[in-house]
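S.K.: Following this line is entry20.txt, made up of compact mmCIF, C-alpha atoms:
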# COMPACT_ATOMS: atom_id res chain seq x y z
CA MET A 29 -11.79 -36.40 109.77
CA TYR A 30 -9.46 -33.44 109.53
CA ILE A 31 -11.03 -30.01 109.16
CA ARG A 32 -9.11 -26.90 108.22
CA ARG A 33 -10.97 -23.67 108.89
CA ALA A 34 -11.10 -21.35 105.90
CA ARG A 35 -13.58 -19.05 104.31
CA VAL A 36 -15.17 -20.33 101.14
CA PRO A 37 -15.18 -17.76 98.29
CA SER A 38 -18.28 -15.58 98.16
CA GLU A 39 -19.43 -17.06 94.85
CA THR A 40 -20.59 -20.16 96.74
CA SER A 41 -23.51 -18.21 98.21
CA GLY A 42 -27.00 -18.66 96.79
CA SER A 43 -27.50 -14.93 96.26
CA GLN A 44 -27.29 -15.13 92.46
CA LEU A 45 -30.49 -17.17 92.25
CA THR A 46 -32.58 -15.80 95.10
CA ALA A 47 -35.48 -14.51 92.99
CA CYS A 48 -37.13 -17.92 93.10
CA LEU A 49 -40.63 -18.67 94.25
CA TYR A 50 -39.96 -22.42 94.47
CA VAL A 51 -36.63 -23.92 95.54
CA TYR A 52 -35.19 -27.41 95.61
CA VAL A 53 -31.87 -27.89 97.42
CA ASP A 54 -30.00 -31.18 97.06
CA PHE A 55 -27.24 -31.78 99.58
CA GLY A 56 -25.34 -34.74 98.18
CA VAL A 57 -26.62 -34.36 94.63
CA ASN A 58 -24.36 -37.15 93.30
CA ASN A 59 -24.85 -37.32 89.50
CA GLY A 60 -27.70 -34.78 89.51
CA VAL A 61 -30.49 -37.19 88.66
CA ASN A 62 -32.93 -35.83 91.26
CA VAL A 63 -32.54 -32.32 89.85
CA ARG A 64 -33.26 -33.80 86.42
CA LYS A 65 -36.46 -35.34 87.82
CA LEU A 66 -37.57 -31.81 88.67
CA PHE A 67 -36.95 -30.26 85.23
CA GLU A 68 -37.45 -33.33 83.01
CA PRO A 69 -40.03 -35.43 84.85
CA ALA A 70 -41.20 -37.25 81.72
CA LEU A 71 -37.88 -39.11 81.64
CA TYR A 72 -38.35 -40.53 85.12
CA LYS A 73 -41.73 -42.18 85.27
CA ASN A 74 -42.88 -43.60 88.60
CA SER A 75 -40.20 -41.67 90.49
CA TRP A 76 -41.24 -40.86 94.04
CA PHE A 77 -39.50 -37.49 93.87
CA VAL A 78 -41.38 -36.51 90.72
CA ASN A 79 -44.60 -37.02 92.68
CA GLN A 80 -43.22 -35.01 95.60
CA PHE A 81 -42.22 -32.16 93.30
CA ARG A 82 -45.63 -32.09 91.64
CA GLU A 83 -47.38 -32.13 95.00
CA SER A 84 -45.34 -29.14 96.19
CA PHE A 85 -44.78 -27.09 93.03
CA GLY A 86 -47.91 -28.00 91.07
CA GLN A 87 -48.63 -30.55 88.37
CA THR A 88 -47.14 -28.37 85.65
CA MET A 89 -44.07 -27.44 87.74
CA PRO A 90 -43.47 -23.97 86.20
CA THR A 91 -39.73 -23.98 85.52
CA SER A 92 -39.60 -20.19 85.27
CA SER A 93 -40.36 -19.95 89.00
CA ILE A 94 -38.13 -22.80 90.19
CA CYS A 95 -34.49 -22.74 91.26
CA ALA A 96 -32.44 -25.82 92.06
CA PHE A 97 -29.17 -25.97 93.97
CA GLY A 98 -26.97 -29.00 94.40
CA PHE A 99 -23.84 -29.69 96.45
CA GLU A 100 -21.53 -32.56 95.57
CA PRO A 101 -18.00 -33.01 96.97
CA ASN A 102 -17.03 -36.03 94.82
CA ARG A 103 -15.20 -34.75 91.77
CA VAL A 104 -16.02 -37.90 89.81
CA HIS A 105 -19.35 -36.13 89.21
CA THR A 106 -17.97 -32.68 88.34
CA ALA A 107 -18.05 -32.99 84.54
CA ARG A 108 -21.56 -34.45 84.56
CA LEU A 109 -22.93 -31.73 86.84
CA GLN A 110 -21.30 -28.97 84.82
CA GLN A 111 -22.85 -30.48 81.69
CA ILE A 112 -26.33 -30.50 83.25
CA GLN A 113 -25.98 -26.96 84.57
CA LYS A 114 -24.85 -25.59 81.20
CA ALA A 115 -27.61 -27.36 79.27
CA TYR A 116 -30.28 -26.30 81.72
CA MET A 117 -29.19 -22.68 81.86
CA GLU A 118 -29.35 -22.62 78.07
CA GLN A 119 -32.96 -23.73 78.40
CA GLY A 120 -33.61 -20.87 80.80
CA TRP A 121 -33.82 -23.26 83.77
CA ARG A 122 -32.18 -21.90 86.90
CA VAL A 123 -29.77 -24.49 88.27
CA ARG A 124 -26.57 -24.07 90.24
CA PHE A 125 -24.28 -26.92 91.25
CA TYR A 126 -21.49 -26.45 93.77
CA THR A 127 -19.03 -29.09 92.64
CA GLU A 128 -16.25 -30.46 94.82
CA THR A 129 -18.09 -28.78 97.69
CA ALA A 130 -19.84 -30.34 100.68
CA ILE A 131 -22.47 -28.89 102.94
CA GLY A 132 -21.31 -28.72 106.54
CA TYR A 133 -21.64 -27.02 109.90
CA SER A 134 -18.98 -24.42 109.01
CA ASP A 135 -17.20 -22.87 106.05
CA GLY A 136 -13.82 -24.41 105.50
CA HIS A 137 -12.32 -27.60 104.11
CA ALA A 138 -12.67 -31.31 104.81
CA ILE A 139 -11.05 -34.54 103.67
CA LEU A 140 -13.30 -36.57 101.40
CA TYR A 141 -12.72 -40.33 101.47
CA ARG A 142 -13.74 -42.41 98.46
CA ASP A 143 -15.94 -45.43 99.03
CA VAL A 144 -14.36 -47.28 96.11
CA ASP A 145 -11.23 -47.09 93.99
CA GLU A 146 -12.41 -44.86 91.16
CA ARG A 147 -9.35 -44.88 88.91
CA PRO A 148 -10.03 -45.45 85.21
CA GLY A 149 -9.04 -48.95 84.17
CA ASP A 150 -9.87 -50.58 87.49
CA PRO A 151 -12.45 -53.42 87.62
CA PHE A 152 -14.92 -51.05 89.27
CA TYR A 153 -15.53 -49.46 85.91
CA LYS A 154 -18.17 -50.91 83.60
CA ASN A 155 -16.99 -51.36 80.02
CA ASP A 156 -14.26 -48.79 80.63
CA ARG A 157 -16.90 -46.21 81.59
CA PRO A 158 -17.25 -45.12 85.20
CA PRO A 159 -20.73 -45.48 86.68
CA LEU A 160 -22.55 -42.21 87.07
CA ALA A 161 -23.67 -42.97 90.61
CA THR A 162 -20.73 -43.26 93.00
CA SER A 163 -20.41 -41.99 96.54
CA ALA A 164 -17.81 -40.75 98.98
CA SER A 165 -17.89 -39.40 102.50
CA THR A 166 -16.05 -37.23 104.98
CA MET A 167 -16.75 -39.74 107.72
CA HIS A 168 -15.25 -43.11 106.81
CA ASP A 169 -11.82 -43.92 105.36
CA HIS A 170 -12.11 -47.04 103.19
CA GLY A 171 -8.47 -46.91 102.19
CA HIS A 172 -9.24 -45.89 98.58
CA GLY A 173 -7.66 -42.46 98.70
CA SER A 174 -8.86 -39.00 99.62
CA THR A 175 -8.87 -35.41 98.53
CA ARG A 176 -9.60 -32.03 100.09
CA VAL A 177 -12.91 -30.33 99.34
CA SER A 178 -14.56 -27.08 100.36
CA THR A 179 -17.34 -27.04 102.93
CA VAL A 180 -20.16 -24.49 103.11
CA ASP A 181 -22.07 -23.70 106.30
CA ILE A 182 -25.67 -24.88 105.85
CA VAL A 183 -27.26 -22.03 107.81
CA PRO A 184 -25.93 -18.96 105.91
CA PHE A 185 -26.59 -20.74 102.62
CA LEU A 186 -30.24 -21.40 103.43
CA GLN A 187 -30.57 -17.89 104.85
CA SER A 188 -29.36 -16.48 101.53
CA LEU A 189 -32.44 -17.97 99.85
CA ARG A 190 -34.61 -15.60 101.92
CA ILE A 191 -37.18 -18.24 102.76
CA GLY A 192 -40.60 -16.70 103.32
CA LYS A 193 -39.60 -13.48 101.56
CA ASN A 194 -38.45 -14.63 98.14
CA ALA A 195 -38.74 -18.40 98.32
CA GLN A 196 -42.20 -19.56 99.38
CA ILE A 197 -41.85 -23.32 98.97
CA VAL A 198 -38.51 -24.97 99.79
CA LEU A 199 -37.70 -28.66 99.51
CA VAL A 200 -34.40 -29.95 100.88
CA LYS A 201 -32.88 -33.38 100.33
CA MET A 202 -29.96 -34.48 102.50
CA ASP A 203 -27.88 -37.53 101.61
CA VAL A 204 -24.49 -36.61 103.04
CA GLU A 205 -23.08 -39.98 104.11
CA GLY A 206 -23.11 -39.45 107.88
CA GLU A 207 -22.55 -35.70 107.98
CA GLU A 208 -26.26 -35.28 108.80
CA HIS A 209 -25.38 -36.02 112.45
CA PHE A 210 -23.50 -32.70 112.55
CA VAL A 211 -25.46 -30.61 110.06
CA LEU A 212 -29.00 -31.31 111.27
CA PRO A 213 -28.45 -30.11 114.87
CA LYS A 214 -27.24 -26.76 113.52
CA LEU A 215 -30.25 -26.58 111.20
CA LEU A 216 -32.58 -27.31 114.12
CA MET A 217 -30.97 -24.69 116.37
CA SER A 218 -30.99 -22.03 113.63
CA GLY A 219 -34.79 -21.82 113.44
CA LEU A 220 -34.70 -22.58 109.70
CA PHE A 221 -36.02 -26.10 110.15
CA CYS A 222 -39.63 -24.94 110.48
CA GLU A 223 -39.32 -22.61 107.49
CA LEU A 224 -38.78 -25.53 105.12
CA THR A 225 -41.69 -27.12 103.30
CA LYS A 226 -40.27 -30.64 103.09
CA LEU A 227 -37.07 -32.25 104.35
CA PHE A 228 -35.87 -35.59 102.99
CA VAL A 229 -33.09 -37.26 104.99
CA GLU A 230 -31.23 -40.45 104.19
CA TRP A 231 -29.71 -41.59 107.47
CA HIS A 232 -26.35 -43.30 107.92
CA ALA A 233 -25.67 -45.11 111.17
CA TRP A 234 -21.99 -45.80 110.48
CA PRO A 235 -19.14 -45.53 111.23
CA MET A 236 -19.43 -44.79 114.96
CA SER A 237 -21.16 -47.19 117.33
CA ASP A 238 -23.29 -44.47 118.92
CA ARG A 239 -24.75 -43.26 115.63
CA ARG A 240 -27.94 -45.34 115.89
CA TRP A 241 -28.67 -43.77 119.26
CA HIS A 242 -27.84 -40.31 117.93
CA MET A 243 -30.01 -40.88 114.86
CA ALA A 244 -32.96 -41.90 117.04
CA ARG A 245 -32.49 -38.84 119.25
CA LEU A 246 -32.40 -36.45 116.27
CA LYS A 247 -35.56 -37.98 114.86
CA GLN A 248 -37.21 -37.58 118.25
CA VAL A 249 -36.14 -33.94 118.53
CA MET A 250 -37.69 -33.18 115.13
CA GLU A 251 -40.94 -34.91 116.13
CA ASP A 252 -41.00 -33.02 119.44
CA MET A 253 -40.51 -29.69 117.65
CA LEU A 254 -43.38 -30.42 115.29
CA ARG A 255 -45.68 -31.31 118.19
CA ALA A 256 -44.63 -28.33 120.31
CA HIS A 257 -44.97 -25.78 117.54
CA PRO A 258 -48.23 -26.15 115.56
CA ASP A 259 -47.06 -23.41 113.18
CA CYS A 260 -44.05 -25.54 112.21
CA LYS A 261 -45.35 -26.93 108.93
CA VAL A 262 -42.29 -28.78 107.60
CA ARG A 263 -42.93 -32.35 106.58
CA VAL A 264 -40.04 -34.72 107.29
CA TYR A 265 -39.40 -37.88 105.28
CA HIS A 266 -36.74 -40.31 106.41
CA ARG A 267 -35.89 -41.48 102.93
CA ASP A 268 -34.31 -40.52 99.62
CA ASP A 269 -35.31 -41.40 96.05
CA GLU A 270 -32.52 -43.43 94.48
CA SER A 271 -34.45 -44.54 91.42
CA TYR A 272 -32.61 -44.07 88.13
CA ALA A 273 -29.35 -43.85 90.09
CA ASP A 274 -27.24 -44.86 87.09
CA ASP A 275 -28.85 -42.17 84.97
CA ARG A 276 -27.85 -42.13 81.31
CA ASN A 277 -30.83 -40.26 79.86
CA SER A 278 -29.70 -37.70 77.31
CA SER A 279 -32.63 -35.41 76.41
CA VAL A 280 -31.28 -31.84 76.29
CA LEU A 281 -27.84 -32.98 77.43
CA GLY A 282 -26.59 -35.01 74.50
CA GLU A 283 -24.00 -37.70 75.27
CA PHE A 284 -23.49 -38.00 79.01
CA ALA A 285 -20.27 -36.61 80.46
CA TYR A 286 -18.05 -38.06 83.13
CA ASN A 287 -14.64 -37.34 84.56
CA ARG A 288 -11.64 -39.34 83.41
CA LEU A 289 -8.86 -38.08 85.59
CA PRO A 290 -5.36 -39.56 85.77
CA GLY A 291 -5.40 -42.28 88.39
CA ASP A 292 -2.50 -40.96 90.44
CA ASP A 293 -4.15 -37.54 90.60
CA LEU A 294 -7.60 -38.87 91.37
CA VAL A 295 -6.65 -40.97 94.38
CA GLN A 296 -3.90 -38.85 95.88
CA ASP A 297 -3.78 -39.02 99.65
CA ILE A 298 -3.41 -35.48 100.96
CA ARG A 299 -2.53 -36.68 104.45
CA SER A 300 0.93 -37.78 103.33
Could you rewrite the structure in this file as C-alpha cells?
M.R.:
Amino acid sequence: MYIRRARVPSETSGSQLTACLYVYVDFGVNNGVNVRKLFEPALYKNSWFVNQFRESFGQTMPTSSICAFGFEPNRVHTARLQQIQKAYMEQGWRVRFYTETAIGYSDGHAILYRDVDERPGDPFYKNDRPPLATSASTMHDHGHGSTRVSTVDIVPFLQSLRIGKNAQIVLVKMDVEGEEHFVLPKLLMSGLFCELTKLFVEWHAWPMSDRRWHMARLKQVMEDMLRAHPDCKVRVYHRDDESYADDRNSSVLGEFAYNRLPGDDLVQDIRS
C-alpha cells in the first residue's frame, strides 16, 4: 500500500453534527444498509443490529437525538450513500456520509484496490445493474484496478464527537478489510476505546501471514484492558451484521441509486 501524507479538508470533521446524544459510527459503511437499520428498523426485521440499536438507544430509538456517520472509500457506493443522506436529512434525520474516504491511522491518501472488476457490462453485474454490496480494500491488490482515496485519522474524528460531553452513547462498527490491524492500536492507545459504548469489529486475517497472530494479540489486549480497568464499560463484539447486504428497500428513498461510471475511468490504475 502506498500512502501519501496530506491533510484532509476540514469539512471531513464531525463538528457539524456534534449536538447528538446518541451516535452510531460506521467505518466501512458499504451501501449504507446498517445506517438504514437504525432509522428504518421496520424494513429490516430480525436484524441483529436493529436489536443492538434498540438495546442501546431505546426501543423507540428517538431519531431527533441520534446522529449517524459513515465512511466508505469505494466510489461504487457514492451515489447510493448521497441518495440516503439527502432523503434522511429531508426527514430531519441527522446522517453524514464521507464518501470516497477511508478511516485510517492518519490524515492523508491511500490506494484503494477493488476486490472485483466493477465495470458496467462485465459479468459481475446482475441484469446490467451493479450489486449494492461490493467491497474493496487498501490492503490487497486483486489486479482489478485501483484509485486514490482520502483517509481520515480515527482519533481526531472520534474526539470531535465530544464523547461524554455531548455524545453519551456511542456505537462504532468497523469493517475496514484489514485496516483494523493499524487503526485499532491507535484507538486503544488514545484512551477513546473505553469511552465507547459498543464496538463491533469484523476481523480480516489476510493478506499477511502474521495477521492471525496479530488479530489474536489485539483481541487479548482489549480483554486485558477491560479486566484491568473496571470503569472501562465498552462492550466488544467480534462480528458485523451483514443481513440485507444487497439492500434494495425503497421507503423514503424512492428508486435505489447506484454509480454507473465509464469503465476506463472506474478502474484506472493510478500507479502507472
S.K.: For each of A:Ala195, A:Val249, A:Ala233, A:Val180, take the minimum atom-to-atom distance to A:Leu216, counting only C-alpha atoms, then give the residue where this is smallest.
M.R.: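 Counting only C-alpha atoms, the residue closest to A:Leu216 is A:Val249.
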S.K.: Would you work out the distance separating atom CA of A:Thr225 from atom CA of A:Arg245, expressed in Å to one decimal?
M.R.: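 Spanning atom CA of A:Thr225 to atom CA of A:Arg245 is a straight-line distance of 21.8 Å.
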S.K.: In Å, how far is it from atom CA of A:Gly132 to atom CA of A:Glu207?
M.R.: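 Pair atom CA of A:Gly132 / atom CA of A:Glu207 returns 7.2 Å.
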S.K.: How big is the axis-aligned box around all listed atoms of stretch 207-211 of chain A once 6 Å goes on each side, and where's its centre, in Å to one decimal, as JSON?
M.R.:
{"center_x": -24.4, "center_y": -33.3, "center_z": 110.3, "size_x": 15.7, "size_y": 17.4, "size_z": 16.6}
S.K.: Nearest residue to A:Arg276 out of A:Met243, A:Val211, A:Cys222, A:Val61, using all atoms listed in the file?
M.R.: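 Distance minimum relative to A:Arg276 lands on A:Val61.
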S.K.: Contacts of A:Asn62 at 10 Å or less, counting only C-alpha atoms, minus same-chain residues fewer than 3 places along, as a list of chain:residue names?
M.R.: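 My reading of the contact set: A:Tyr52, A:Asp54, A:Val57, A:Asn58, A:Asn59, A:Lys65, A:Leu66, A:Phe67, A:Glu68, A:Pro69, A:Tyr72, A:Ser75, A:Phe77, A:Val78, A:Gly98, A:Lys201, A:Asp268, A:Asp269, A:Glu270, A:Ser271, A:Tyr272, A:Ala273, A:Asp275.
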S.K.: Grab the residues selected above and save them as a PDB file, keeping the file's coordinate frame with C-alpha atoms.
M.R.:
ATOM      1  CA  TYR A  52     -35.190 -27.410  95.610  1.00  0.00           C
ATOM      2  CA  ASP A  54     -30.000 -31.180  97.060  1.00  0.00           C
ATOM      3  CA  VAL A  57     -26.620 -34.360  94.630  1.00  0.00           C
ATOM      4  CA  ASN A  58     -24.360 -37.150  93.300  1.00  0.00           C
ATOM      5  CA  ASN A  59     -24.850 -37.320  89.500  1.00  0.00           C
ATOM      6  CA  LYS A  65     -36.460 -35.340  87.820  1.00  0.00           C
ATOM      7  CA  LEU A  66     -37.570 -31.810  88.670  1.00  0.00           C
ATOM      8  CA  PHE A  67     -36.950 -30.260  85.230  1.00  0.00           C
ATOM      9  CA  GLU A  68     -37.450 -33.330  83.010  1.00  0.00           C
ATOM     10  CA  PRO A  69     -40.030 -35.430  84.850  1.00  0.00           C
ATOM     11  CA  TYR A  72     -38.350 -40.530  85.120  1.00  0.00           C
ATOM     12  CA  SER A  75     -40.200 -41.670  90.490  1.00  0.00           C
ATOM     13  CA  PHE A  77     -39.500 -37.490  93.870  1.00  0.00           C
ATOM     14  CA  VAL A  78     -41.380 -36.510  90.720  1.00  0.00           C
ATOM     15  CA  GLY A  98     -26.970 -29.000  94.400  1.00  0.00           C
ATOM     16  CA  LYS A 201     -32.880 -33.380 100.330  1.00  0.00           C
ATOM     17  CA  ASP A 268     -34.310 -40.520  99.620  1.00  0.00           C
ATOM     18  CA  ASP A 269     -35.310 -41.400  96.050  1.00  0.00           C
ATOM     19  CA  GLU A 270     -32.520 -43.430  94.480  1.00  0.00           C
ATOM     20  CA  SER A 271     -34.450 -44.540  91.420  1.00  0.00           C
ATOM     21  CA  TYR A 272     -32.610 -44.070  88.130  1.00  0.00           C
ATOM     22  CA  ALA A 273     -29.350 -43.850  90.090  1.00  0.00           C
ATOM     23  CA  ASP A 275     -28.850 -42.170  84.970  1.00  0.00           C
TER      24      ASP A 275
END
S.K.: Using Å and a single decimal, report how far atom CA of A:His242 sits from atom CA of A:His209.
M.R.: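 These atoms are spaced 7.4 Å apart.
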S.K.: Show me the residues close to (-29.1, -37.8, 108.7) - anything with an atom within 6 Å, counting all atoms listed in the file - and format the list as a PyMOL selection string.
M.R.: chain A and resi 208-209+229-231
S.K.: Tell me which protein, DNA and RNA residues are within 12 Å of A:Leu186, counting all atoms listed in the file, leaving out same-chain ones fewer than 5 positions away, and put them as a PyMOL selection string.
M.R.: chain A and resi 40-43+45-46+51-55+97+131-132+180-181+191-192+194-195+198-200+214-215+218-221+223-224
S.K.: Which residue out of A:Trp121, A:Ser178, A:Thr106, A:Gln111 has the minimum interatomic distance to A:Ile139 when only C-alpha atoms are used?
M.R.: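 The closest residue to A:Ile139 is A:Ser178.
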S.K.: I'd like to know which of A:Ala130, A:Met217, A:Leu227, A:Leu212 is closest to A:Leu246, using only C-alpha atoms.
M.R.: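 Looking at the shortest contact to A:Leu246, the residue is A:Leu212.
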S.K.: Excluding stretch 175-177 of chain A and any residue of its chain fewer than 6 positions from it, enumerate the residues within 6 Å of it, using all atoms listed in the file, and give them as a list of chain:residue names.
M.R.: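 These residues fall inside the cut-off: A:Glu128, A:Thr129, A:His137, A:Ala138, A:Ile139, A:Leu140, A:Ile298.
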S.K.: Of the candidates A:Glu83, A:Gly56, A:Ser92, A:Thr179, which one gets nearest to A:Gln119 if we count all atoms listed in the file?
M.R.: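 Once distances to A:Gln119 are computed over all atoms listed in the file, the minimum belongs to A:Ser92.
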S.K.: Using all atoms listed in the file for the distances, tell me which of A:Lys247, A:Phe99, A:Asp274, A:Gly136 is nearest to A:Met202.
M.R.: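 With all atoms listed in the file as the atom set, the closest residue is A:Phe99.
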